[in-house]
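Participant: Sharing entry_21.csv (CSV, C-alpha atoms and all ligand atoms) below.
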chain,number,residue,atom,x,y,z
S,1,MET,CA,15.6,-13.7,-20.2
S,2,LYS,CA,12.0,-14.7,-20.8
S,3,SER,CA,10.0,-12.6,-23.1
S,4,ARG,CA,7.5,-11.8,-20.3
S,5,ALA,CA,10.3,-10.4,-18.2
S,6,ILE,CA,11.5,-8.3,-21.1
S,7,ALA,CA,8.0,-6.9,-21.8
S,8,LEU,CA,7.8,-6.0,-18.1
S,9,LEU,CA,11.2,-4.2,-18.2
S,10,LEU,CA,10.0,-2.1,-21.2
S,11,LEU,CA,6.7,-1.4,-19.5
S,12,LEU,CA,8.4,-0.3,-16.3
S,13,ALA,CA,11.0,1.8,-18.1
S,14,THR,CA,8.2,4.1,-19.3
S,15,ALA,CA,6.8,4.5,-15.8
S,16,LYS,CA,7.6,7.7,-13.9
S,17,SER,CA,9.7,7.5,-10.7
S,18,ALA,CA,8.1,7.1,-7.3
S,19,PHE,CA,5.2,9.4,-6.6
S,20,SER,CA,6.5,10.2,-3.1
S,21,TRP,CA,9.0,8.5,-0.8
S,22,GLY,CA,6.5,7.3,1.7
S,23,SER,CA,4.4,5.7,-1.1
S,24,GLU,CA,7.1,3.3,-2.3
S,25,GLY,CA,5.7,0.2,-0.6
S,26,HIS,CA,2.3,0.7,-2.2
S,27,GLU,CA,3.8,1.3,-5.7
S,28,ILE,CA,5.9,-1.9,-5.4
S,29,VAL,CA,2.8,-3.9,-4.6
S,30,ALA,CA,0.9,-2.4,-7.5
S,31,LEU,CA,3.8,-3.1,-10.0
S,32,ILE,CA,4.1,-6.8,-8.8
S,33,ALA,CA,0.4,-7.3,-9.1
S,34,LEU,CA,0.4,-5.7,-12.6
S,35,HIS,CA,3.0,-8.3,-13.7
S,36,ASP,CA,0.7,-11.1,-12.6
S,37,LEU,CA,-2.6,-9.8,-14.1
S,38,LYS,CA,-4.2,-11.7,-16.9
S,39,PRO,CA,-4.3,-9.8,-20.2
S,40,VAL,CA,-8.1,-9.6,-20.1
S,41,ALA,CA,-8.0,-8.1,-16.6
S,42,LYS,CA,-5.3,-5.6,-17.7
S,43,ALA,CA,-7.5,-4.6,-20.7
S,44,LYS,CA,-10.6,-4.1,-18.5
S,45,ILE,CA,-8.7,-2.1,-16.0
S,46,LEU,CA,-7.2,0.2,-18.6
S,47,GLN,CA,-10.8,0.6,-20.0
S,48,LEU,CA,-11.9,1.8,-16.5
S,49,PHE,CA,-9.1,4.3,-16.3
S,50,ARG,CA,-9.7,5.6,-19.8
S,51,PHE,CA,-13.4,6.0,-18.9
S,52,GLU,CA,-12.4,8.3,-16.1
S,53,ASP,CA,-10.0,10.3,-18.3
S,54,PRO,CA,-10.3,9.6,-22.0
S,55,SER,CA,-7.6,12.1,-22.9
S,56,SER,CA,-5.0,10.6,-20.6
S,57,ALA,CA,-1.9,9.1,-22.2
S,58,ALA,CA,-0.7,7.6,-19.0
S,59,THR,CA,0.5,4.0,-19.1
S,60,LEU,CA,-1.0,1.2,-17.0
S,61,PRO,CA,2.1,1.1,-14.7
S,62,GLU,CA,1.8,4.8,-14.1
S,63,LEU,CA,-2.0,4.6,-13.5
S,64,MET,CA,-1.6,1.6,-11.1
S,65,MET,CA,1.2,3.3,-9.1
S,66,LYS,CA,-0.9,6.5,-8.8
S,67,ALA,CA,-4.0,4.5,-7.9
S,68,SER,CA,-2.0,2.7,-5.1
S,69,ILE,CA,-1.5,5.9,-3.2
S,70,TRP,CA,-4.8,7.7,-4.2
S,71,PRO,CA,-6.7,6.7,-0.9
S,72,ASP,CA,-4.0,8.6,1.0
S,73,THR,CA,-4.1,11.7,-1.2
S,74,ILE,CA,-7.9,12.2,-1.2
S,75,LYS,CA,-7.8,13.1,2.4
S,76,GLN,CA,-5.6,16.1,1.6
S,77,ALA,CA,-7.2,17.3,-1.6
S,78,PRO,CA,-10.8,16.0,-2.1
S,79,THR,CA,-11.8,16.8,-5.6
S,80,THR,CA,-14.6,14.5,-6.7
S,81,PRO,CA,-17.5,12.8,-4.8
S,82,LEU,CA,-17.0,9.1,-4.1
S,83,HIS,CA,-19.2,6.2,-5.2
S,84,ILE,CA,-18.5,3.6,-2.5
S,85,PHE,CA,-18.4,3.6,1.3
S,86,LYS,CA,-21.5,5.8,1.2
S,87,ASP,CA,-22.1,5.4,5.0
S,88,ILE,CA,-18.9,7.2,5.8
S,89,ASN,CA,-17.2,10.3,4.4
S,90,VAL,CA,-13.9,8.9,3.2
S,91,LEU,CA,-12.7,12.4,2.4
S,92,ASP,CA,-12.8,13.0,6.2
S,93,ALA,CA,-9.5,11.6,7.5
S,94,ALA,CA,-11.0,10.8,10.9
S,95,GLN,CA,-13.7,8.7,9.3
S,96,SER,CA,-11.7,7.0,6.7
S,97,HIS,CA,-8.7,6.2,8.8
S,98,PRO,CA,-10.0,2.9,10.2
S,99,LEU,CA,-10.3,1.5,6.7
S,100,HIS,CA,-6.5,1.4,6.4
S,101,PHE,CA,-5.7,-1.1,9.2
S,102,VAL,CA,-7.0,-3.8,11.6
S,103,ASP,CA,-5.3,-3.6,15.0
S,104,ILE,CA,-5.7,-6.9,17.0
S,105,GLU,CA,-5.6,-7.1,20.7
S,106,GLY,CA,-5.8,-10.9,21.1
S,107,THR,CA,-4.0,-13.6,19.0
S,108,HIS,CA,-6.8,-13.9,16.4
S,109,TYR,CA,-9.0,-11.4,14.6
S,110,ASN,CA,-12.2,-10.8,16.4
S,111,PRO,CA,-14.6,-8.8,14.3
S,112,GLU,CA,-16.6,-7.4,17.2
S,113,THR,CA,-13.6,-5.9,18.9
S,114,ASP,CA,-11.1,-5.5,16.1
S,115,CYS,CA,-13.4,-4.2,13.4
S,116,PRO,CA,-15.7,-1.7,15.3
S,117,LYS,CA,-18.9,-0.8,13.5
S,118,SER,CA,-17.7,-3.1,10.7
S,119,LYS,CA,-15.3,-0.4,9.6
S,120,CYS,CA,-11.8,-1.7,9.1
S,121,ALA,CA,-9.5,-2.8,6.3
S,122,ILE,CA,-11.1,-6.3,6.1
S,123,THR,CA,-14.6,-5.0,5.5
S,124,ALA,CA,-13.2,-2.4,3.1
S,125,ILE,CA,-11.4,-5.0,1.1
S,126,GLU,CA,-14.5,-7.2,0.9
S,127,THR,CA,-16.6,-4.2,-0.3
S,128,CYS,CA,-14.1,-3.3,-3.0
S,129,ARG,CA,-13.9,-6.9,-4.2
S,130,GLU,CA,-17.7,-7.0,-4.5
S,131,VAL,CA,-18.0,-3.7,-6.4
S,132,LEU,CA,-15.0,-4.5,-8.7
S,133,GLY,CA,-16.4,-7.9,-9.7
S,134,ASP,CA,-20.0,-6.6,-10.4
S,135,PRO,CA,-20.4,-5.7,-14.0
S,136,HIS,CA,-23.7,-4.0,-13.2
S,137,GLN,CA,-21.9,-1.4,-11.1
S,138,PRO,CA,-21.1,2.0,-12.9
S,139,SER,CA,-17.6,2.1,-14.3
S,140,LEU,CA,-16.5,4.9,-12.0
S,141,ALA,CA,-17.6,2.9,-8.9
S,142,ARG,CA,-15.6,-0.1,-10.1
S,143,LEU,CA,-12.6,2.1,-10.8
S,144,GLU,CA,-12.8,3.5,-7.3
S,145,ALA,CA,-13.1,0.0,-5.9
S,146,LEU,CA,-9.9,-0.9,-7.8
S,147,LYS,CA,-8.0,2.1,-6.5
S,148,PHE,CA,-9.0,1.4,-2.9
S,149,LEU,CA,-8.3,-2.4,-3.3
S,150,VAL,CA,-4.7,-1.8,-4.6
S,151,HIS,CA,-4.0,0.4,-1.5
S,152,PHE,CA,-5.8,-1.6,1.2
S,153,VAL,CA,-4.3,-5.0,0.2
S,154,GLY,CA,-0.9,-3.3,0.5
S,155,ASP,CA,-1.8,-1.8,3.8
S,156,VAL,CA,-2.8,-5.1,5.5
S,157,HIS,CA,0.5,-6.8,4.5
S,158,GLN,CA,2.4,-4.2,6.5
S,159,PRO,CA,2.7,-6.1,9.8
S,160,LEU,CA,2.0,-2.9,11.9
S,161,HIS,CA,-1.2,-2.3,10.1
S,162,ALA,CA,-2.3,-5.4,12.0
S,163,GLY,CA,-0.5,-4.5,15.2
S,164,ARG,CA,-1.7,-3.9,18.8
S,165,ARG,CA,-4.5,-1.6,19.4
S,166,SER,CA,-3.0,-0.4,22.7
S,167,ASP,CA,-0.1,1.3,20.9
S,168,LYS,CA,-2.0,2.1,17.6
S,169,GLY,CA,0.1,-0.3,15.6
S,170,GLY,CA,3.4,1.1,16.8
S,171,ASN,CA,2.4,4.7,16.2
S,172,ASP,CA,2.8,5.4,20.0
S,173,ILE,CA,6.3,3.9,20.1
S,174,THR,CA,8.8,6.6,19.4
S,175,ILE,CA,12.2,5.9,17.9
S,176,SER,CA,15.5,7.6,18.8
S,177,THR,CA,17.6,6.5,15.8
S,178,PHE,CA,17.2,4.6,12.6
S,179,LEU,CA,20.6,2.9,11.8
S,180,THR,CA,23.2,5.6,12.1
S,181,ARG,CA,21.0,8.6,11.7
S,182,HIS,CA,18.4,10.5,13.7
S,183,PRO,CA,15.1,10.6,11.9
S,184,PRO,CA,13.0,13.8,12.2
S,185,SER,CA,11.6,14.2,15.7
S,186,GLY,CA,8.5,12.3,16.5
S,187,PHE,CA,9.4,9.3,14.2
S,188,ASN,CA,7.7,6.1,15.4
S,189,LEU,CA,7.9,2.4,14.9
S,190,HIS,CA,4.9,2.3,12.6
S,191,GLU,CA,6.7,4.7,10.2
S,192,VAL,CA,9.9,2.6,10.3
S,193,TRP,CA,7.8,-0.2,8.8
S,194,ASP,CA,5.8,2.0,6.5
S,195,LYS,CA,8.7,3.9,4.9
S,196,LEU,CA,12.2,3.8,6.4
S,197,ILE,CA,13.1,0.1,5.9
S,198,VAL,CA,11.9,0.1,2.2
S,199,GLU,CA,13.6,3.4,1.4
S,200,GLU,CA,16.8,2.2,3.0
S,201,ALA,CA,16.9,-0.8,0.8
S,202,ASP,CA,16.2,0.9,-2.5
S,203,ARG,CA,14.5,4.2,-3.3
S,204,ASP,CA,13.4,3.3,-6.8
S,205,ALA,CA,10.0,1.5,-6.8
S,206,ASN,CA,10.4,0.2,-10.4
S,207,ARG,CA,13.8,-1.3,-9.7
S,208,TYR,CA,12.8,-2.7,-6.4
S,209,ALA,CA,9.6,-4.3,-7.8
S,210,LEU,CA,11.7,-6.0,-10.6
S,211,LYS,CA,14.1,-7.4,-8.0
S,212,LEU,CA,11.3,-8.8,-5.9
S,213,LEU,CA,9.5,-10.2,-8.9
S,214,GLY,CA,12.7,-12.1,-9.9
S,215,ARG,CA,12.5,-14.0,-6.6
S,216,ILE,CA,8.9,-15.1,-6.7
S,217,THR,CA,8.5,-18.7,-7.8
S,218,SER,CA,5.5,-20.4,-9.3
S,219,SER,CA,5.2,-22.4,-6.0
S,220,ASN,CA,5.2,-19.1,-4.0
S,221,ARG,CA,2.4,-17.8,-6.3
S,222,SER,CA,0.2,-20.9,-5.8
S,223,THR,CA,0.8,-21.0,-2.0
S,224,TRP,CA,0.2,-17.3,-1.4
S,225,ALA,CA,-2.9,-17.1,-3.6
S,226,ALA,CA,-4.4,-20.3,-2.2
S,227,ASN,CA,-6.1,-18.3,0.6
S,228,LEU,CA,-7.7,-15.0,-0.5
S,229,ASP,CA,-9.5,-14.4,2.7
S,230,PRO,CA,-8.3,-11.0,4.1
S,231,VAL,CA,-8.7,-12.3,7.6
S,232,ALA,CA,-6.0,-14.9,7.0
S,233,TRP,CA,-3.7,-12.1,5.6
S,234,VAL,CA,-4.3,-9.9,8.6
S,235,GLU,CA,-3.7,-12.7,11.1
S,236,GLU,CA,-0.4,-13.5,9.3
S,237,SER,CA,0.6,-9.8,9.5
S,238,HIS,CA,-0.3,-9.7,13.2
S,239,LYS,CA,1.9,-12.7,13.9
S,240,LEU,CA,4.8,-10.9,12.2
S,241,ALA,CA,4.2,-7.7,14.1
S,242,MET,CA,4.3,-9.6,17.4
S,243,THR,CA,7.4,-11.8,16.6
S,244,VAL,CA,9.5,-9.3,14.5
S,245,ALA,CA,8.3,-5.7,14.5
S,246,TYR,CA,7.7,-5.3,18.2
S,247,ARG,CA,10.9,-7.1,19.2
S,248,SER,CA,14.5,-5.9,19.0
S,249,GLY,CA,15.8,-9.3,19.9
S,250,LYS,CA,14.2,-12.7,20.4
S,251,SER,CA,12.6,-11.6,23.7
S,252,THR,CA,13.4,-7.9,24.0
S,253,PRO,CA,10.4,-5.6,23.2
S,254,VAL,CA,10.9,-2.4,21.3
S,255,THR,CA,10.0,0.3,23.7
S,256,ASN,CA,9.7,4.2,23.6
S,257,GLY,CA,13.0,5.8,22.5
S,258,ALA,CA,14.4,2.6,21.1
S,259,ALA,CA,17.2,2.7,18.6
S,260,ILE,CA,16.6,0.7,15.4
S,261,ASP,CA,20.0,-0.7,14.7
S,262,ALA,CA,21.5,-2.8,11.9
S,263,LYS,CA,20.7,-6.0,13.7
S,264,TYR,CA,17.0,-5.1,13.8
S,265,TYR,CA,17.1,-3.9,10.2
S,266,LYS,CA,18.6,-7.2,9.1
S,267,ARG,CA,15.8,-9.2,10.7
S,268,ALA,CA,13.1,-6.9,9.4
S,269,LEU,CA,14.1,-6.4,5.8
S,270,PRO,CA,13.4,-10.0,4.6
S,271,VAL,CA,10.0,-9.8,6.3
S,272,VAL,CA,9.1,-6.5,4.6
S,273,GLU,CA,10.2,-7.8,1.2
S,274,LEU,CA,8.3,-11.1,1.6
S,275,GLN,CA,5.1,-9.1,2.6
S,276,LEU,CA,5.4,-6.9,-0.5
S,277,GLU,CA,5.8,-9.9,-2.7
S,278,LYS,CA,2.8,-11.7,-1.1
S,279,ALA,CA,0.6,-8.5,-1.3
S,280,GLY,CA,1.4,-8.1,-5.0
S,281,VAL,CA,0.7,-11.8,-5.8
S,282,ARG,CA,-2.6,-11.8,-3.8
S,283,LEU,CA,-3.8,-8.5,-5.2
S,284,ALA,CA,-3.3,-9.8,-8.7
S,285,ALA,CA,-5.2,-13.0,-7.8
S,286,VAL,CA,-8.1,-11.0,-6.4
S,287,ILE,CA,-8.3,-8.7,-9.5
S,288,ASN,CA,-8.0,-11.7,-11.9
S,289,LEU,CA,-10.9,-13.3,-10.1
S,290,ALA,CA,-13.0,-10.1,-10.4
S,291,MET,CA,-11.9,-9.1,-13.9
S,292,GLY,CA,-10.2,-12.0,-15.5
S,293,ARG,CA,-13.1,-13.4,-17.5
D,1,ZN,ZN,-3.4,3.3,3.9
Translate this structure into structure tokens?

Facilitator:
Amino acid sequence: MKSRAIALLLLLATAKSAFSWGSEGHEIVALIALHDLKPVAKAKILQLFRFEDPSSAATLPELMMKASIWPDTIKQAPTTPLHIFKDINVLDAAQSHPLHFVDIEGTHYNPETDCPKSKCAITAIETCREVLGDPHQPSLARLEALKFLVHFVGDVHQPLHAGRRSDKGGNDITISTFLTRHPPSGFNLHEVWDKLIVEEADRDANRYALKLLGRITSSNRSTWAANLDPVAWVEESHKLAMTVAYRSGKSTPVTNGAAIDAKYYKRALPVVELQLEKAGVRLAAVINLAMGR
């Protein structure tokens, strides 16, 4: 085993278990990215976290995992005023919600219709990249940009975060069963992709991240990080939504009350895993560009 892999194992062994079940996908993306970060970027990120909380003894994997789900938690328990996205109140779920996805009605992203008022995951990612890469910005603003970036890059790689607007990215498509069990009432297709598939495969974010990292080749890394335009990521996700997530067979659409069976799961799982891998690699590339010098 390579020394880098051993170092990662030791690093991950000190990280706490998943923050909450529904957050596992975000935590996996954060851990994959952390593995690919340059040492200088890691040091600068740790400095930002320590600036926020000098007495914290939390490790970088713990801090990154927590950061990956922070944009979802601030809606429930706002504690501090924010430094970026000043034109909207991100503590108000109704206002901040559009920053987490880009639903697409045509085949390609159209900023006018798919990113109304320039408020969607694409513009949010661009804003965060700018703030993070600007050394003249206050440390707390850059840290906030990092936390949002870790989360939003994960979001846009979930195919149904770039789904159809007409069914709210699968939120309006109810599911009767997931494999052999009945999920709580009101479960929908979006949640199948947000949580159920990942949790079915492995409920331990650290172990799952290690497994996925073991598959990523250097050729994967250069291909995936070759295009760091979030528009390209979103269009890729949208294509996967249309060809895999919304279909139970090659031409059968998933409709209200559909059962998610083993056949569907078998088609969906490799897509979910590939998207988590790509998100982690691309997130690291973006952070390395902003902080790696
Ligand atoms: Zn989100």

Participant: Using all atoms listed in the file and a cutoff of 10 Å, can you tell me which residues are near (-4.9, -12.0, -10.0) in the file's coordinates, and write them out as a VMD selection string?

Facilitator: chain S and resid 33 to 38 41 225 280 to 292

Participant: How would the residues just picked look written out with C-alpha atoms as a PDB file, keeping the file's coordinate frame?

Facilitator:
ATOM      1  CA  ALA S  33       0.400  -7.300  -9.100  1.00  0.00           C
ATOM      2  CA  LEU S  34       0.400  -5.700 -12.600  1.00  0.00           C
ATOM      3  CA  HIS S  35       3.000  -8.300 -13.700  1.00  0.00           C
ATOM      4  CA  ASP S  36       0.700 -11.100 -12.600  1.00  0.00           C
ATOM      5  CA  LEU S  37      -2.600  -9.800 -14.100  1.00  0.00           C
ATOM      6  CA  LYS S  38      -4.200 -11.700 -16.900  1.00  0.00           C
ATOM      7  CA  ALA S  41      -8.000  -8.100 -16.600  1.00  0.00           C
ATOM      8  CA  ALA S 225      -2.900 -17.100  -3.600  1.00  0.00           C
ATOM      9  CA  GLY S 280       1.400  -8.100  -5.000  1.00  0.00           C
ATOM     10  CA  VAL S 281       0.700 -11.800  -5.800  1.00  0.00           C
ATOM     11  CA  ARG S 282      -2.600 -11.800  -3.800  1.00  0.00           C
ATOM     12  CA  LEU S 283      -3.800  -8.500  -5.200  1.00  0.00           C
ATOM     13  CA  ALA S 284      -3.300  -9.800  -8.700  1.00  0.00           C
ATOM     14  CA  ALA S 285      -5.200 -13.000  -7.800  1.00  0.00           C
ATOM     15  CA  VAL S 286      -8.100 -11.000  -6.400  1.00  0.00           C
ATOM     16  CA  ILE S 287      -8.300  -8.700  -9.500  1.00  0.00           C
ATOM     17  CA  ASN S 288      -8.000 -11.700 -11.900  1.00  0.00           C
ATOM     18  CA  LEU S 289     -10.900 -13.300 -10.100  1.00  0.00           C
ATOM     19  CA  ALA S 290     -13.000 -10.100 -10.400  1.00  0.00           C
ATOM     20  CA  MET S 291     -11.900  -9.100 -13.900  1.00  0.00           C
ATOM     21  CA  GLY S 292     -10.200 -12.000 -15.500  1.00  0.00           C
TER      22      GLY S 292
END

Participant: Given the choices S:Arg142, S:His100, S:Lys195, S:Arg50, which gets closest to ligand ZN 1 (chain D) if the distance is worked out from all atoms listed in the file?

Facilitator: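 Under the stated criterion, the closest residue is S:His100.
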
Participant: When distances are computed from only C-alpha atoms, which of S:Glu27, S:Glu200, S:Asp87, S:Asp229 shows the smallest separation from S:Glu62?

Facilitator: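 Distance minimum relative to S:Glu62 lands on S:Glu27.
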
Participant: Dump the neighbourhood of ligand ZN 1 (chain D) as a PyMOL selection string: all residues within 8 Å, distances computed on only C-alpha atoms and all ligand atoms.

Facilitator: chain S and resi 69+71-72+97+99-101+151-152+154-155

Participant: Per residue of stretch 185-205 of chain S within 10 Å of stretch 238-260 of chain S, note the shortest atom pair and the distance in Å to one decimal, counting all atoms listed in the file, and order the rows by chain and increasing residue number, as CSV.

Facilitator:
residue,atom,partner,partner_atom,distance
S:Gly186,CA,S:Gly257,CA,9.9
S:Phe187,CA,S:Gly257,CA,9.7
S:Asn188,CA,S:Asn256,CA,8.7
S:Leu189,CA,S:Ala245,CA,8.1
S:His190,CA,S:Ala245,CA,8.9
S:Val192,CA,S:Ile260,CA,8.6
S:Trp193,CA,S:Ala245,CA,7.9

Participant: Using only C-alpha atoms, find the one residue out of S:Ala94, S:Ile32, S:Ile84, S:Ile104 that sits nearest to S:Glu130.

Facilitator: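 Going through S:Ala94, S:Ile32, S:Ile84, S:Ile104 one by one, the smallest distance to S:Glu130 is for S:Ile84.
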
Participant: Restricting the calculation to all atoms listed in the file: of S:Gly25, S:Pro98, S:Pro54, S:Pro138, which residue gets closest to S:Gly169?

Facilitator: S:Pro98

Participant: Can you list, as a PyMOL selection string, every protein, DNA or RNA residue that comes within 12 Å of S:Asp202 when you count all atoms listed in the file, leaving out same-chain residues fewer than 3 positions away?

Facilitator: chain S and resi 18+21+24-25+28+195-199+205-212+269+273

Participant: Let me make sure I understand: among S:Ile45, S:Arg215, S:Thr107, S:Thr73, which one has the smallest atom-to-atom distance to S:Ala93 if we use only C-alpha atoms?

Facilitator: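 The closest residue to S:Ala93 is S:Thr73.
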